[in-house]
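Read the structure below first, then the notes.
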Amino acid sequence: MNSTWVKHAISEINADYQRSADTHLIRLTLPAFPGIQLYLKDESTHPTGSLKHRLARSLFLYGLCNGWIKEGTTIIEASSGSTAVSEAYFARLLGLPFIAVMPSCTAKRKIEQIEFYGGRCHFVQSACEIYEASEMLARELNGHYMDQFTYAERATDWRGNNNIADSIFRQMQHEPNPVPAHIVMSAGTGGTSATIGRYIRCQGYDTQLTVVDPQNSVFMDYWKQRDATLRSTVGSKIEGIGRPRVEPSFIPDVVDNMLRVPDAASVVTAHWLETQLGRKVGASTGTNMWGALQLAAQMRSAGQSGSIVTLLCDSGERYLETYYNPQWVAANIGELAPSQIALSELIGQ
C-alpha cells in the first residue's frame with residue numbers, strides 16, 4: 001500500500017470539504033398551516049448538485065482508510081445517477097478511473113455530468129441488474145466496487161462531526177420551534193435515514209423520523225414485515241430513491257414511521273414546489289415534501305404547532321426530459337389530476 005499517495009488522497013478530500021460551505025435551510029411560508037413551519041435542507045447546492053455529494057465523500061474516505069482504494073484503483077459504483085455523479089467528481093479529484101453501472105433509463109443530464117467529470121457509464125436494462133454487473137466489472141478490472149447500498153450507513157459518522165443531522169439541528173437553533181416534531185426523508189441506500197435516526201436517538205431529541213417510500217419499492221414492506229428476502233420486479237420511477245430489494249444500509253429500527261407516496265404525487269409536488277421556490281426540484285424532493293405536507297395536515301387536525309424538516313435532494317434541471325416533460329410523464333407516471341386535486345386540498349388552494 002502506497003501510504004504517501006493515500007495520505008495525499010485523504011488530504012485532497014479534506015481540502016475539498018473545507019472549500020465547501022454548508023447547505024441552506026429554506027423555510028417555506030404556507031398560510032394553510034398556522035403555527036407549523038416547514039423547512040427544506042437544500043442539498044442541491046453541493047459542488048455536484050445533490051445530497052449524494054456527502055455520501056460520495058464519506059465512501060471515498062472509508063475506502064481509502066480501509067485500504068481498498070489505492071493509487072490507480074478503478075472505482076466502480078452501482079447507481080441510478082446522483083451518487084455516480086458525485087463519485088466521478090471525487091475520482092477525478094484523486095486521478096482515479098471511474099465507471100458508473102446504471103439502468104439505461106437514467107436521466108440524460110446525469111449521464112452527461114458523469115462524463116463531464118471523466119467517468120464512463122456501463123448500462124444495464126433493469127435496476128435489478130446493477131449489483132451483479134458492478135461486482136463483475138470490479139473482478140475483471142481488479143477495481144474497487146464502492147457498493148453504496150452496503151456501506152452508506154457505516155461510512156458516515158452518525159454521532160455528529162457536521163453530518164447532515166447535526167447540520168439540521170444547528171441551523172434550527174434560532175427558529176420558533178428549534179427541535180423539529182418530524183424529519184422526513186426518502187430512502188435510496190438508507191444511509192441518510194440511518195444517520196438521522198441514530199443522531200436523533202444519540203442526542204435525545206423528541207423528533208420523529210418518517211421515511212417516505214415511492215411505488216415499487218420494498219423498503220416500507222420490509223419495515224413492516226422484517227422480511228429481508230423481499231423483491232420487486234419493477235424498479236422505482238422516482239430516480240434515486242426506492243429499491244427493488246432490501247438494501248443492507250436501510251436500518252428499519254431507527255425509523256419511527258413510513259408513508260407510501262404515489263409516483264404522481266411526487267411529480268405533482270415537485271412541480272408545485274417550483275411555484276414556491278422559483279426553481280425546479282427533482283421528483284425525490286417531491287416525494288419528501290408530499291410526506292411533510294401529510295404530517296403537517298395531521299398536526300393541523302390535532303391542533304398542534306411545531307416544525308417539520310425535509311430535504312431538497314437535487315435540482316430539477318437534471319430532469320427536464322423526464323419529470324418536466326409532459327409526454328414522458330404521461331407515458332411513465334400516468335394521470336396527474338387526482339394528485340393535483342389532493343395537493344390543492346392539503347394546502348387549501
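Each chain in the C-alpha cells gets a letter, A, B and so on, in the order shown; residues start at 1 in every chain, and ligands are counted from 1 in the order they appear.
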
Using only C-alpha atoms, what does the table of region 108-224 of chain A residues within 12 Å of region 59-68 of chain A look like, with each row giving the shortest atom pair and its distance in Å to one decimal, sorted by chain and ascending number, as CSV?
```
residue,atom,partner,partner_atom,distance
A:Ala138,CA,A:Trp68,CA,11.8
A:Asn142,CA,A:Trp68,CA,10.9
A:Gly143,CA,A:Trp68,CA,9.0
A:His144,CA,A:Trp68,CA,6.7
A:Tyr145,CA,A:Trp68,CA,9.3
A:Met146,CA,A:Leu59,CA,7.0
A:Asp147,CA,A:Leu59,CA,8.9
A:Gln148,CA,A:Leu59,CA,7.4
A:Phe149,CA,A:Leu59,CA,10.8
A:Thr150,CA,A:Leu59,CA,10.6
A:Tyr151,CA,A:Leu59,CA,7.3
A:Ala152,CA,A:Leu59,CA,7.1
A:Glu153,CA,A:Leu59,CA,9.9
A:Arg154,CA,A:Tyr62,CA,8.7
A:Ala155,CA,A:Tyr62,CA,5.7
A:Thr156,CA,A:Leu59,CA,8.0
A:Asp157,CA,A:Tyr62,CA,10.6
A:Gly191,CA,A:Leu59,CA,11.1
```

Taking N, CA and C atoms for each residue, export the selection above as a PDB file, in the first residue's frame.
```pdb
ATOM      1  N   ALA A 138     -15.694  -5.122 -11.283  1.00  0.00           N
ATOM      2  CA  ALA A 138     -14.642  -4.987 -10.269  1.00  0.00           C
ATOM      3  C   ALA A 138     -13.664  -6.157 -10.339  1.00  0.00           C
ATOM      4  N   ASN A 142      -9.888  -5.640 -11.610  1.00  0.00           N
ATOM      5  CA  ASN A 142      -9.188  -5.570 -10.323  1.00  0.00           C
ATOM      6  C   ASN A 142      -9.416  -4.204  -9.674  1.00  0.00           C
ATOM      7  N   GLY A 143     -10.675  -3.749  -9.754  1.00  0.00           N
ATOM      8  CA  GLY A 143     -11.037  -2.448  -9.222  1.00  0.00           C
ATOM      9  C   GLY A 143     -11.730  -2.568  -7.874  1.00  0.00           C
ATOM     10  N   HIS A 144     -12.264  -1.452  -7.402  1.00  0.00           N
ATOM     11  CA  HIS A 144     -12.984  -1.433  -6.127  1.00  0.00           C
ATOM     12  C   HIS A 144     -14.440  -1.043  -6.374  1.00  0.00           C
ATOM     13  N   TYR A 145     -15.354  -1.952  -6.026  1.00  0.00           N
ATOM     14  CA  TYR A 145     -16.785  -1.687  -6.096  1.00  0.00           C
ATOM     15  C   TYR A 145     -17.186  -0.960  -4.819  1.00  0.00           C
ATOM     16  N   MET A 146     -17.554   0.293  -4.931  1.00  0.00           N
ATOM     17  CA  MET A 146     -17.853   1.115  -3.747  1.00  0.00           C
ATOM     18  C   MET A 146     -19.046   0.573  -2.965  1.00  0.00           C
ATOM     19  N   ASP A 147     -20.058   0.066  -3.665  1.00  0.00           N
ATOM     20  CA  ASP A 147     -21.231  -0.563  -3.044  1.00  0.00           C
ATOM     21  C   ASP A 147     -21.899   0.348  -2.006  1.00  0.00           C
ATOM     22  N   GLN A 148     -22.427   1.454  -2.501  1.00  0.00           N
ATOM     23  CA  GLN A 148     -23.102   2.413  -1.625  1.00  0.00           C
ATOM     24  C   GLN A 148     -24.257   1.787  -0.843  1.00  0.00           C
ATOM     25  N   PHE A 149     -24.881   0.769  -1.419  1.00  0.00           N
ATOM     26  CA  PHE A 149     -26.065   0.187  -0.773  1.00  0.00           C
ATOM     27  C   PHE A 149     -25.708  -0.632   0.472  1.00  0.00           C
ATOM     28  N   THR A 150     -24.456  -1.079   0.540  1.00  0.00           N
ATOM     29  CA  THR A 150     -23.991  -1.777   1.743  1.00  0.00           C
ATOM     30  C   THR A 150     -23.320  -0.827   2.722  1.00  0.00           C
ATOM     31  N   TYR A 151     -22.499   0.089   2.212  1.00  0.00           N
ATOM     32  CA  TYR A 151     -21.614   0.845   3.098  1.00  0.00           C
ATOM     33  C   TYR A 151     -22.106   2.243   3.474  1.00  0.00           C
ATOM     34  N   ALA A 152     -23.213   2.696   2.911  1.00  0.00           N
ATOM     35  CA  ALA A 152     -23.681   4.062   3.191  1.00  0.00           C
ATOM     36  C   ALA A 152     -23.897   4.305   4.679  1.00  0.00           C
ATOM     37  N   GLU A 153     -24.504   3.345   5.373  1.00  0.00           N
ATOM     38  CA  GLU A 153     -24.845   3.569   6.784  1.00  0.00           C
ATOM     39  C   GLU A 153     -23.622   3.521   7.707  1.00  0.00           C
ATOM     40  N   ARG A 154     -22.554   2.883   7.271  1.00  0.00           N
ATOM     41  CA  ARG A 154     -21.384   2.768   8.156  1.00  0.00           C
ATOM     42  C   ARG A 154     -20.256   3.728   7.778  1.00  0.00           C
ATOM     43  N   ALA A 155     -20.307   4.308   6.587  1.00  0.00           N
ATOM     44  CA  ALA A 155     -19.241   5.220   6.162  1.00  0.00           C
ATOM     45  C   ALA A 155     -19.418   6.617   6.749  1.00  0.00           C
ATOM     46  N   THR A 156     -20.623   6.949   7.201  1.00  0.00           N
ATOM     47  CA  THR A 156     -20.915   8.280   7.748  1.00  0.00           C
ATOM     48  C   THR A 156     -20.870   8.242   9.267  1.00  0.00           C
ATOM     49  N   ASP A 157     -20.247   9.258   9.865  1.00  0.00           N
ATOM     50  CA  ASP A 157     -20.210   9.366  11.321  1.00  0.00           C
ATOM     51  C   ASP A 157     -21.546   9.926  11.795  1.00  0.00           C
ATOM     52  N   GLY A 191     -28.832   5.155   3.870  1.00  0.00           N
ATOM     53  CA  GLY A 191     -27.744   5.688   4.677  1.00  0.00           C
ATOM     54  C   GLY A 191     -28.096   6.989   5.390  1.00  0.00           C
TER      55      GLY A 191
END
```

Find the residues of region 57-162 of chain A that sit at most 12 Å from region 299-314 of chain A; for each, write down the nearest two atoms and how far apart they are in Å, to one decimal. Count only C-alpha atoms. Sort by chain, then by number going up, and give it as a Markdown table.
```
| residue | atom | partner | partner_atom | distance |
| --- | --- | --- | --- | --- |
| A:Gly81 | CA | A:Asp314 | CA | 11.2 |
| A:Ser82 | CA | A:Asp314 | CA | 8.4 |
| A:Thr83 | CA | A:Asp314 | CA | 11.3 |
| A:Val85 | CA | A:Asp314 | CA | 11.7 |
| A:Ser86 | CA | A:Asp314 | CA | 11.8 |
| A:Lys110 | CA | A:Asp314 | CA | 11.2 |
```

Give me a file of those residues, with all heavy atoms, as a PDB file, in the first residue's frame.
```pdb
ATOM      1  N   GLY A  81     -27.675   7.382 -10.688  1.00  0.00           N
ATOM      2  CA  GLY A  81     -27.209   8.637 -11.246  1.00  0.00           C
ATOM      3  C   GLY A  81     -26.506   9.581 -10.309  1.00  0.00           C
ATOM      4  O   GLY A  81     -25.328   9.870 -10.486  1.00  0.00           O
ATOM      5  N   SER A  82     -27.185  10.081  -9.276  1.00  0.00           N
ATOM      6  CA  SER A  82     -26.617  11.166  -8.471  1.00  0.00           C
ATOM      7  C   SER A  82     -25.367  10.739  -7.698  1.00  0.00           C
ATOM      8  O   SER A  82     -24.392  11.492  -7.620  1.00  0.00           O
ATOM      9  CB  SER A  82     -27.666  11.728  -7.513  1.00  0.00           C
ATOM     10  OG  SER A  82     -28.629  12.474  -8.217  1.00  0.00           O
ATOM     11  N   THR A  83     -25.376   9.538  -7.106  1.00  0.00           N
ATOM     12  CA  THR A  83     -24.170   9.071  -6.405  1.00  0.00           C
ATOM     13  C   THR A  83     -23.015   8.941  -7.386  1.00  0.00           C
ATOM     14  O   THR A  83     -21.878   9.308  -7.084  1.00  0.00           O
ATOM     15  CB  THR A  83     -24.420   7.721  -5.710  1.00  0.00           C
ATOM     16  OG1 THR A  83     -25.501   7.859  -4.790  1.00  0.00           O
ATOM     17  CG2 THR A  83     -23.190   7.259  -4.950  1.00  0.00           C
ATOM     18  N   VAL A  85     -22.540  10.652 -10.145  1.00  0.00           N
ATOM     19  CA  VAL A  85     -22.041  11.988 -10.490  1.00  0.00           C
ATOM     20  C   VAL A  85     -21.061  12.461  -9.419  1.00  0.00           C
ATOM     21  O   VAL A  85     -19.953  12.924  -9.723  1.00  0.00           O
ATOM     22  CB  VAL A  85     -23.211  12.998 -10.621  1.00  0.00           C
ATOM     23  CG1 VAL A  85     -22.678  14.428 -10.774  1.00  0.00           C
ATOM     24  CG2 VAL A  85     -24.105  12.642 -11.805  1.00  0.00           C
ATOM     25  N   SER A  86     -21.446  12.318  -8.153  1.00  0.00           N
ATOM     26  CA  SER A  86     -20.596  12.789  -7.057  1.00  0.00           C
ATOM     27  C   SER A  86     -19.313  11.961  -6.949  1.00  0.00           C
ATOM     28  O   SER A  86     -18.227  12.510  -6.697  1.00  0.00           O
ATOM     29  CB  SER A  86     -21.374  12.744  -5.738  1.00  0.00           C
ATOM     30  OG  SER A  86     -22.497  13.606  -5.792  1.00  0.00           O
ATOM     31  N   LYS A 110     -27.751  13.395 -16.072  1.00  0.00           N
ATOM     32  CA  LYS A 110     -26.838  12.762 -15.118  1.00  0.00           C
ATOM     33  C   LYS A 110     -25.698  12.052 -15.853  1.00  0.00           C
ATOM     34  O   LYS A 110     -24.544  12.100 -15.416  1.00  0.00           O
ATOM     35  CB  LYS A 110     -27.596  11.766 -14.243  1.00  0.00           C
ATOM     36  CG  LYS A 110     -28.538  12.420 -13.233  1.00  0.00           C
ATOM     37  CD  LYS A 110     -29.197  11.356 -12.375  1.00  0.00           C
ATOM     38  CE  LYS A 110     -30.146  11.964 -11.360  1.00  0.00           C
ATOM     39  NZ  LYS A 110     -30.835  10.939 -10.567  1.00  0.00           N
TER      40      LYS A 110
END
```

Residue neighbourhood Leu28 (chain A), 9 Å, only C-alpha atoms, exclusion window fewer than 6 positions, as a ChimeraX atom specification: /A:37-40,276-277

Generate the output file for the selected residues, all heavy atoms, as a compact mmCIF listing (two decimals), in the first residue's frame.
```txt
# COMPACT_ATOMS: atom_id res chain seq x y z
N GLN A 37 -44.17 25.26 10.94
CA GLN A 37 -43.15 25.72 9.99
C GLN A 37 -42.57 24.51 9.24
O GLN A 37 -42.24 23.50 9.85
CB GLN A 37 -42.01 26.46 10.70
CG GLN A 37 -42.45 27.69 11.49
CD GLN A 37 -42.90 27.36 12.89
OE1 GLN A 37 -42.32 26.50 13.56
NE2 GLN A 37 -43.94 28.04 13.37
N LEU A 38 -42.45 24.66 7.91
CA LEU A 38 -41.86 23.61 7.08
C LEU A 38 -40.54 24.11 6.50
O LEU A 38 -40.47 25.25 6.02
CB LEU A 38 -42.81 23.19 5.95
CG LEU A 38 -43.95 22.26 6.37
CD1 LEU A 38 -45.16 23.06 6.81
CD2 LEU A 38 -44.33 21.31 5.24
N TYR A 39 -39.54 23.25 6.53
CA TYR A 39 -38.20 23.62 6.09
C TYR A 39 -37.68 22.60 5.08
O TYR A 39 -37.95 21.40 5.19
CB TYR A 39 -37.22 23.66 7.26
CG TYR A 39 -37.58 24.64 8.35
CD1 TYR A 39 -38.50 24.29 9.34
CD2 TYR A 39 -36.99 25.90 8.41
CE1 TYR A 39 -38.83 25.19 10.35
CE2 TYR A 39 -37.31 26.80 9.42
CZ TYR A 39 -38.23 26.44 10.38
OH TYR A 39 -38.56 27.32 11.38
N LEU A 40 -36.88 23.10 4.13
CA LEU A 40 -36.18 22.25 3.16
C LEU A 40 -34.68 22.46 3.33
O LEU A 40 -34.19 23.59 3.20
CB LEU A 40 -36.59 22.63 1.74
CG LEU A 40 -37.92 22.13 1.22
CD1 LEU A 40 -38.34 22.94 -0.01
CD2 LEU A 40 -37.85 20.65 0.85
N GLN A 276 -43.21 27.73 -5.39
CA GLN A 276 -42.85 28.24 -4.07
C GLN A 276 -41.41 28.73 -4.00
O GLN A 276 -41.09 29.64 -3.25
CB GLN A 276 -43.05 27.15 -3.01
CG GLN A 276 -44.46 26.57 -2.96
CD GLN A 276 -45.50 27.62 -2.61
OE1 GLN A 276 -45.41 28.28 -1.58
NE2 GLN A 276 -46.49 27.76 -3.48
N LEU A 277 -40.52 28.09 -4.78
CA LEU A 277 -39.09 28.36 -4.69
C LEU A 277 -38.55 29.17 -5.86
O LEU A 277 -37.45 29.73 -5.77
CB LEU A 277 -38.31 27.05 -4.60
CG LEU A 277 -38.64 26.12 -3.43
CD1 LEU A 277 -37.91 24.78 -3.60
CD2 LEU A 277 -38.30 26.76 -2.10
```

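The smallest atom-to-atom distance between Val267 (chain A) and any of A:Asp206, A:Asn216, A:Ala292, A:Ser339, using only C-alpha atoms, is found for A:Ser339.
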
DSSP says strand (DSSP E) for which residues of region 16-79 of chain A? Put them as a PyMOL selection string? chain A and resi 24-28+36-42+75-78

I need the residue nearest Gly72 (chain A) from this list: A:Ile341, A:Ala15, A:Val6, A:Ile130. Use only C-alpha atoms for the distance.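 Selected residue with least distance to Gly72 (chain A): A:Val6.
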
Region 167-181 of chain A environment, 12 Å, only C-alpha atoms, sequence neighbours closer than 3 positions dropped, as a PyMOL selection string: chain A and resi 21-27+35-43+158-164+184+195-196+199-200+203-210+256+292+295-296+298-299+304-311

Write to file, as a PDB file, in the first residue's frame, the residues of the selection just made, with C-alpha atoms.
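Resulting contents of result.pdb:
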```
ATOM      1  CA  ALA A  21     -19.937  25.828   2.663  1.00  0.00           C
ATOM      2  CA  ASP A  22     -22.858  24.207   4.482  1.00  0.00           C
ATOM      3  CA  THR A  23     -26.130  23.859   2.581  1.00  0.00           C
ATOM      4  CA  HIS A  24     -29.013  26.248   3.150  1.00  0.00           C
ATOM      5  CA  LEU A  25     -32.114  25.618   5.255  1.00  0.00           C
ATOM      6  CA  ILE A  26     -35.110  27.164   3.494  1.00  0.00           C
ATOM      7  CA  ARG A  27     -38.278  27.998   5.414  1.00  0.00           C
ATOM      8  CA  GLY A  35     -48.220  27.517  13.830  1.00  0.00           C
ATOM      9  CA  ILE A  36     -46.423  24.878  11.733  1.00  0.00           C
ATOM     10  CA  GLN A  37     -43.152  25.718   9.987  1.00  0.00           C
ATOM     11  CA  LEU A  38     -41.859  23.611   7.080  1.00  0.00           C
ATOM     12  CA  TYR A  39     -38.198  23.621   6.087  1.00  0.00           C
ATOM     13  CA  LEU A  40     -36.183  22.254   3.162  1.00  0.00           C
ATOM     14  CA  LYS A  41     -32.496  21.433   3.641  1.00  0.00           C
ATOM     15  CA  ASP A  42     -31.181  22.386   0.193  1.00  0.00           C
ATOM     16  CA  GLU A  43     -28.673  19.703  -0.771  1.00  0.00           C
ATOM     17  CA  TRP A 158     -23.759   9.497  12.698  1.00  0.00           C
ATOM     18  CA  ARG A 159     -22.734  10.812  16.137  1.00  0.00           C
ATOM     19  CA  GLY A 160     -22.065  14.309  14.831  1.00  0.00           C
ATOM     20  CA  ASN A 161     -18.996  15.788  13.103  1.00  0.00           C
ATOM     21  CA  ASN A 162     -21.151  18.062  10.921  1.00  0.00           C
ATOM     22  CA  ASN A 163     -23.140  15.252   9.339  1.00  0.00           C
ATOM     23  CA  ILE A 164     -26.474  16.218   7.794  1.00  0.00           C
ATOM     24  CA  VAL A 184     -38.965  13.449   6.633  1.00  0.00           C
ATOM     25  CA  THR A 195     -27.645   8.726  10.083  1.00  0.00           C
ATOM     26  CA  ILE A 196     -30.573  10.978  11.015  1.00  0.00           C
ATOM     27  CA  TYR A 199     -28.329  11.005  15.637  1.00  0.00           C
ATOM     28  CA  ILE A 200     -31.817  11.813  16.992  1.00  0.00           C
ATOM     29  CA  GLN A 203     -28.812  13.361  21.204  1.00  0.00           C
ATOM     30  CA  GLY A 204     -32.094  12.515  22.947  1.00  0.00           C
ATOM     31  CA  TYR A 205     -34.320  14.689  20.738  1.00  0.00           C
ATOM     32  CA  ASP A 206     -38.107  14.280  20.716  1.00  0.00           C
ATOM     33  CA  THR A 207     -38.176  14.180  16.924  1.00  0.00           C
ATOM     34  CA  GLN A 208     -39.944  11.547  14.846  1.00  0.00           C
ATOM     35  CA  LEU A 209     -38.197  10.237  11.724  1.00  0.00           C
ATOM     36  CA  THR A 210     -40.591   9.440   8.893  1.00  0.00           C
ATOM     37  CA  ASP A 256     -40.481   5.818  13.543  1.00  0.00           C
ATOM     38  CA  ALA A 292     -44.057  16.542   5.040  1.00  0.00           C
ATOM     39  CA  LEU A 295     -47.656  15.242   8.564  1.00  0.00           C
ATOM     40  CA  ALA A 296     -48.406  18.975   8.648  1.00  0.00           C
ATOM     41  CA  GLN A 298     -52.110  15.663  10.751  1.00  0.00           C
ATOM     42  CA  MET A 299     -50.615  18.223  13.138  1.00  0.00           C
ATOM     43  CA  GLN A 304     -50.508  21.012  17.238  1.00  0.00           C
ATOM     44  CA  SER A 305     -47.770  23.525  16.454  1.00  0.00           C
ATOM     45  CA  GLY A 306     -44.168  22.732  15.605  1.00  0.00           C
ATOM     46  CA  SER A 307     -41.658  22.359  12.795  1.00  0.00           C
ATOM     47  CA  ILE A 308     -41.070  19.792  10.065  1.00  0.00           C
ATOM     48  CA  VAL A 309     -37.797  19.447   8.159  1.00  0.00           C
ATOM     49  CA  THR A 310     -37.246  17.575   4.922  1.00  0.00           C
ATOM     50  CA  LEU A 311     -34.641  17.534   2.149  1.00  0.00           C
TER      51      LEU A 311
END
```

What's the separation between CA of Ala194 (chain A) and CA of Pro248 (chain A), in Å to one decimal place? 10.9 Å

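Here CA of Val329 (chain A) is placed at a distance of 19.9 Å from CA of Gln125 (chain A).
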
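Comparing the minimum interatomic distances between Glu135 (chain A) and each of A:Glu335, A:Arg226, A:Val211, A:Ala100, counting only C-alpha atoms, we find that A:Ala100 sits nearest.
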
Nearest to Cys105 (chain A): which of A:Ile251, A:His53, A:Leu293, A:Asn332 is it, counting only C-alpha atoms? A:Asn332

Option closest in space to Gly188 (chain A), from A:Ile114, A:Trp223, A:Asn257, A:Ser80 [counting only C-alpha atoms]: A:Ser80

List every residue of region 106-330 of chain A that DSSP, applied to the backbone of this structure, assigns to helix (DSSP H, G or I), and report them as a ChimeraX atom specification. /A:108-116,127-141,148-155,164-171,191-203,219-225,252-254,263-277,283-301,316-319,326-330

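The interatomic distance for the pair CA of Val212 (chain A) and CA of Arg243 (chain A) works out to 12.3 Å.
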